[in-house]
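In what follows, a structure is listed as structure tokens, so that the remarks can point back to it.
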Amino acid sequence: MDVSHLLDELNEAQREAVSAENGHVLVLAGAGSGKTRVLIHRLAWLIQVNHVSPLGILAVTFTNKAAGEMRERAGNLLQVSTRPLWIGTFHGIAHRLLRMHFKEAGLPEAFQILDSEDQQRLLRRIIRDEGMDEAHWPARQAQWFINARKDEGERPEHIEHLDHPVTSTWVHIYKIYQDYCNRGGLVDFAELLLRAHELWLEQPAVLDHYRKRLQHLLIDEFQDTNAIQYAWIRMLAGNTGRVFVVGDDDQSIYGWRGAKVENVQHFQRDFPDVRTIRLEQNYRSTGTILDAANALIRHNTSRMGKNLWTAGEKGQPISLYAAFNEQDEARYVVDRIEQWIDSGRRADDCAILYRTTAQSRLFEEYLLRKNIPYRVYGGQRFFERTEVKDALAYLRLLHNPNDDAAMERVINKPTRAIGQKTVSLIRLQARESGLTLWQAARECIEQGVFATRAGTAVKAFMDLVVGIRERMSDWTLGNQMQGVIDESQLTTHYEKEPPERTETRLENLRELVNAADAFAMPAEDADAGLTELQSFLSHAALEAGDTQAENWEDCVQMMTLHSAKGLEFPLVFLVGMEDGLFPHQRSVEEAGGRLEEERRLAYVGMTRAREMLCLCYAEVRRMHGQENYCRPSRFIDEMPAELIEEVRPSIGASRPYRPARPTGGLSMESPSAPFKLGQHVIHPKFGEGTVLAFEGSGDNVRVHVNFLDAGAKWLVLAYANLQAL
DNA sequence: TCCATTGACGTTTTT
DNA sequence: CGTCAATGGA
């Protein structure tokens, strides 16, 4: 068979990776170096050249999107069905294993996945029931604690320092929470991974089966693996499996949620004879952008080391705009985008990248004002919307009445006279007898615990659920979905909301029915023996869907730096480049390499740009209702000054005038200002005040001063007779 | 049960 | 400043 097409279009390092024989491979793939391509060609190589059965390959990614892309591209390249290949996310694969081996894993067949919102609600419930002060013991923190522990592979009994009161309290909550989950057959995201790991640990026969079968492991985004994922890979590989990992330690930006960059280094230590290959040729950005990015990332210690280069052009210098404030920053960026579009380029070639989600607002305002279409990434996704989750909760309850999270959610939605008091009674009963809410409710009815009216209401609710289940068991998924919505009267609950809101909710419910109708169970779920309903519910939990329905017209792209990873755009704006915002204050203060992670984030952001990179910072930024005077980000100083070109506001424009500000190494020949922003001054008539702003130039410079007594005033500098204090 | 007001909080997010 | 959640009165 002619396999030249697998290597022909690759550079030398890429070929070496794709065709590596024997042993383990670590590919250090710089940004834009063709990482995905290498992974896919490797997959094809194993099958076509090494004649590995597709059944013997496991390819793992972090997101569903990446998994889907890999399957599709592999299919195109191989021209055969990719169905037997195991390609998926860590969570997806763990889920599949648990479905196939639910007994060995100690789970009920009808186990359900708990998403993070469900998890948090359940924890809030538990903390309340324990009679603890929610202000002191926030559910969010409990969630963080539990997930972090699970990510480290720890069960409550493994956690030491029980003498530490805070830790021991969280361990206590962890225990109770886990009991709830076990009783109701609920599995949170971290639990999927932990259980899958424990399955192998405790069931050598199962592990052995997969070790024999899955001889080739391909792992994408290896720098994002956490402790349990790493342990899982090691265990599956055993002494015979061959592991091919691709990653970039310089792009590790998820340390805060448990990812361990160290895994990249540990891989060389823990696996014998690792061949390390660096992909350093970049096919994305201009030389200038790469030089600046390289210079920046060189400030990090403990790197594996890499230097990106390109055979392409130097390109334009990076531009740096020192905005007067965040308004000016947004105005400037939107103006430049407008120019770009006017020059015949596309809006969706432009991306605005920021550190925190809150920063998007102003840009949206200005884009709206100019009528430029935009799209904000992130935000709530389809299967996370309230109404969708409500409807799904009913479906979950049909499938597994012991699902406490679902029960809590819909027992009184729409209101059916089951108030807080009644629900408390059920909870109490559940707690005392170690039952699920559903079981406890039944017991309460039998024992006549409720007042007559409440008892009737609870009974009616349970009859409703049972009734639906019995009547609809052989309906199609779409009809079941519609039936559940109709019979639960869920829509009456939303009709009390403002009409606009109601309409969206109903629309989303219709879309949910459509989704159920159109749902085709993935082959691998069928293989794992799932029912269609099980498959659909897992799909909803594991793949929360897109933020919005496809609205892919030519839009300016806006997103946080984190969500930009893996993407590329001709024109990139990196905004809010101020110390305190980026790098974020919290990261600067905290020890433990947080600053280095911020720097990697900047590196990720810069390397998104293909042609043109534009950095912006504001000298004054309003945050939390306060004006802050900002220093430009230290990251700007870490780039070579000769690659950066200061953009100055055009002279005479009615734009606030900027005083000089040291920007390490940059030639900043701005006209010297008599006062600095934030300087305390005194005026013969108005008294003491603070300089807020300047405007105009030469003799026309006006100054904005906030006086302690007289308030804020604009004064012509030449006449104002201000004195510095 | 519902709306309105008040208060606390403020980094990043996928599964 | 702006958001979201919780509380409390009608």
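Residues are named by chain letter and number: chains run A, B, ... in the order of the structure tokens, numbers start at 1 in each chain, and ligands are numbered from 1 in the order shown.
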
### Query
What residues in chain A lie within 10 Å of chain C, counting only C-alpha atoms (C1' of nucleotides), written as an NGL selection string?
:A and (358 or 622-626)

### Task
Identify every residue of chain A that has at least one atom within 8 Å of any atom of chain B, counting only C-alpha atoms (C1' of nucleotides), and report the result as a ChimeraX atom specification.
/A:62-63,91,189,355-356,542-543,560,562,584,586,624

Selected residues, C-alpha atoms, written as a short mmCIF file (atom, residue, chain, number, x, y, z; two decimals), in the first residue's frame, please.
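Result saved to again_1.cif:
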```cif
data_model
loop_
_atom_site.label_atom_id
_atom_site.label_comp_id
_atom_site.auth_asym_id
_atom_site.auth_seq_id
_atom_site.Cartn_x
_atom_site.Cartn_y
_atom_site.Cartn_z
CA PHE A 62 -9.85 16.99 26.45
CA THR A 63 -12.84 18.40 24.66
CA HIS A 91 -14.56 11.69 30.69
CA PHE A 189 -17.32 14.53 36.51
CA ARG A 355 -8.30 37.94 30.69
CA THR A 356 -11.66 38.14 32.44
CA LEU A 542 -21.05 15.22 28.99
CA GLU A 543 -21.55 17.42 25.98
CA THR A 560 -11.22 34.91 27.16
CA HIS A 562 -8.42 30.51 28.06
CA HIS A 584 -4.14 39.00 37.40
CA ARG A 586 -4.58 37.03 42.50
CA HIS A 624 -15.59 47.39 41.05
#
```

### Query
Running DSSP on the backbone, which parts of region 14-259 of chain A land in helix (DSSP H, G or I), as a ChimeraX atom specification?
/A:14-18,35-48,54-56,64-78,90-100,116-129,139-151,156-158,165-184,189-202,204-213,222-224,227-237,249-251,255-257

As an mmCIF file with N, CA and C atoms, in the first residue's frame, please: the residues near Pro317 (chain A) (cut-off 7 Å, only C-alpha atoms (C1' of nucleotides), same-chain neighbours under 3 positions excluded).
```cif
data_model
loop_
_atom_site.group_PDB
_atom_site.id
_atom_site.type_symbol
_atom_site.label_atom_id
_atom_site.label_comp_id
_atom_site.auth_asym_id
_atom_site.auth_seq_id
_atom_site.Cartn_x
_atom_site.Cartn_y
_atom_site.Cartn_z
ATOM 1 N N THR A 288 7.853 38.218 13.466
ATOM 2 C CA THR A 288 7.818 39.211 14.548
ATOM 3 C C THR A 288 7.013 38.699 15.745
ATOM 4 N N LEU A 643 10.383 45.195 18.445
ATOM 5 C CA LEU A 643 9.307 44.514 17.713
ATOM 6 C C LEU A 643 7.969 45.224 17.898
ATOM 7 N N ILE A 644 7.995 46.225 18.782
ATOM 8 C CA ILE A 644 6.737 46.862 19.154
ATOM 9 C C ILE A 644 6.694 48.299 18.670
ATOM 10 N N GLU A 645 5.549 48.671 18.173
ATOM 11 C CA GLU A 645 5.382 50.035 17.699
ATOM 12 C C GLU A 645 4.262 50.677 18.489
#
```

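Minimum atom-to-atom distance to Gln251 (chain A), evaluated using only C-alpha atoms, belongs to A:Ala602 out of A:Ala602, A:Ala541, A:Met612, A:Leu398.
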
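The spacing separating CA of Thr607 (chain A) from CA of Glu578 (chain A) amounts to 18.9 Å.
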
Select from region 158-336 of chain A everything DSSP, run on the backbone, classes as strand (DSSP E or B), then give the selection as a compact mmCIF listing (two decimals) with N, CA, C and O atoms, in the first residue's frame.
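New file result-v7.txt:
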```
# COMPACT_ATOMS: atom_id res chain seq x y z
N LEU A 186 -25.45 8.52 41.49
CA LEU A 186 -25.04 9.76 40.85
C LEU A 186 -23.52 9.83 40.78
O LEU A 186 -22.83 9.53 41.75
N VAL A 187 -23.02 10.25 39.65
CA VAL A 187 -21.59 10.27 39.41
C VAL A 187 -21.20 11.65 38.87
O VAL A 187 -21.69 12.06 37.82
N ASP A 188 -20.38 12.38 39.60
CA ASP A 188 -19.96 13.69 39.09
C ASP A 188 -18.77 13.52 38.15
O ASP A 188 -18.27 12.42 37.97
N HIS A 216 -2.07 0.75 21.91
CA HIS A 216 -1.57 2.06 21.48
C HIS A 216 -2.42 3.17 22.07
O HIS A 216 -3.62 3.25 21.82
N LEU A 217 -1.79 4.02 22.85
CA LEU A 217 -2.50 5.14 23.45
C LEU A 217 -1.98 6.44 22.86
O LEU A 217 -0.76 6.68 22.86
N LEU A 218 -2.89 7.25 22.37
CA LEU A 218 -2.51 8.57 21.86
C LEU A 218 -3.18 9.61 22.75
O LEU A 218 -4.40 9.58 22.93
N ILE A 219 -2.39 10.51 23.30
CA ILE A 219 -2.96 11.50 24.21
C ILE A 219 -2.67 12.90 23.69
O ILE A 219 -1.52 13.27 23.49
N ASN A 226 -4.43 15.82 34.62
CA ASN A 226 -4.28 15.93 36.07
C ASN A 226 -3.75 14.61 36.62
O ASN A 226 -3.46 13.68 35.87
N ARG A 242 1.99 1.08 24.26
CA ARG A 242 2.85 2.14 23.75
C ARG A 242 2.10 3.47 23.78
O ARG A 242 0.98 3.58 23.27
N VAL A 243 2.76 4.45 24.38
CA VAL A 243 2.08 5.71 24.61
C VAL A 243 2.69 6.81 23.76
O VAL A 243 3.91 6.99 23.73
N PHE A 244 1.84 7.55 23.10
CA PHE A 244 2.26 8.64 22.22
C PHE A 244 1.55 9.89 22.73
O PHE A 244 0.33 10.00 22.61
N VAL A 245 2.30 10.77 23.36
CA VAL A 245 1.64 11.96 23.91
C VAL A 245 2.10 13.21 23.18
O VAL A 245 3.25 13.33 22.77
N VAL A 246 1.18 14.12 23.03
CA VAL A 246 1.46 15.39 22.36
C VAL A 246 1.07 16.51 23.30
O VAL A 246 -0.02 16.48 23.88
N GLY A 247 1.94 17.46 23.47
CA GLY A 247 1.60 18.55 24.36
C GLY A 247 2.60 19.68 24.27
O GLY A 247 3.58 19.60 23.54
N ALA A 259 -4.63 20.59 36.55
CA ALA A 259 -3.70 20.09 35.53
C ALA A 259 -2.27 20.19 36.04
O ALA A 259 -1.92 21.11 36.76
N VAL A 274 11.75 6.97 26.49
CA VAL A 274 10.87 7.91 25.80
C VAL A 274 11.65 8.68 24.75
O VAL A 274 12.73 9.20 25.02
N ARG A 275 11.11 8.71 23.58
CA ARG A 275 11.72 9.50 22.52
C ARG A 275 11.04 10.87 22.52
O ARG A 275 9.82 10.95 22.42
N THR A 276 11.84 11.92 22.69
CA THR A 276 11.26 13.26 22.74
C THR A 276 11.51 13.99 21.43
O THR A 276 12.64 14.08 20.96
N ILE A 277 10.44 14.48 20.85
CA ILE A 277 10.55 15.17 19.56
C ILE A 277 9.94 16.55 19.71
O ILE A 277 8.83 16.70 20.24
N ARG A 278 10.69 17.55 19.24
CA ARG A 278 10.19 18.91 19.33
C ARG A 278 9.67 19.39 17.98
O ARG A 278 10.38 19.28 16.98
N LEU A 279 8.48 19.90 17.98
CA LEU A 279 7.97 20.55 16.77
C LEU A 279 8.08 22.05 16.99
O LEU A 279 7.36 22.62 17.79
N GLN A 281 8.80 24.31 14.19
CA GLN A 281 8.48 25.14 13.04
C GLN A 281 7.01 25.52 13.10
O GLN A 281 6.13 24.66 13.21
N TRP A 309 10.04 28.98 15.24
CA TRP A 309 10.54 29.76 14.11
C TRP A 309 9.62 29.56 12.92
O TRP A 309 8.80 28.64 12.89
N ILE A 318 4.39 44.57 16.11
CA ILE A 318 3.26 44.45 17.03
C ILE A 318 2.88 45.86 17.45
O ILE A 318 3.76 46.66 17.77
N SER A 319 1.60 46.17 17.43
CA SER A 319 1.30 47.53 17.86
C SER A 319 0.81 47.54 19.30
O SER A 319 0.25 46.56 19.80
N LEU A 320 1.13 48.64 19.94
CA LEU A 320 0.80 48.80 21.35
C LEU A 320 0.05 50.10 21.51
O LEU A 320 0.54 51.16 21.14
N TYR A 321 -1.14 50.03 22.03
CA TYR A 321 -1.91 51.24 22.24
C TYR A 321 -2.13 51.45 23.73
O TYR A 321 -2.68 50.59 24.43
N ALA A 322 -1.69 52.62 24.19
CA ALA A 322 -1.90 52.98 25.58
C ALA A 322 -3.17 53.81 25.66
O ALA A 322 -3.17 54.99 25.35
N ALA A 323 -4.24 53.17 26.01
CA ALA A 323 -5.51 53.87 26.05
C ALA A 323 -5.61 54.68 27.33
O ALA A 323 -5.02 54.33 28.35
N PHE A 324 -6.37 55.74 27.23
CA PHE A 324 -6.55 56.58 28.41
C PHE A 324 -7.34 55.82 29.48
O PHE A 324 -6.97 55.77 30.63
N ASN A 325 -8.41 55.21 29.06
CA ASN A 325 -9.19 54.40 29.99
C ASN A 325 -9.83 53.25 29.22
O ASN A 325 -9.57 53.07 28.03
```

### Message
I'd like the neighbourhood of Val264 (chain A) as a list of chain:residue names, where a residue qualifies if any of its atoms comes within 9 Å (using only C-alpha atoms (C1' of nucleotides)), though same-chain residues fewer than 6 positions away should be ignored.
### Response
A:Leu26, A:Leu28, A:Phe222, A:Gln223, A:Val245, A:Gly247, A:Asp248, A:Asp249, A:Met304

### Task
Please identify all polymer residues within 8 Å of His493 (chain A), counting only C-alpha atoms (C1' of nucleotides), omitting same-chain residues fewer than 4 positions from it, and present them as JSON, numbers by chain.
{"A": [413, 414, 415, 489]}

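Atom pair CA of Leu236 (chain A) / CA of Asp208 (chain A): separated by 8.5 Å.
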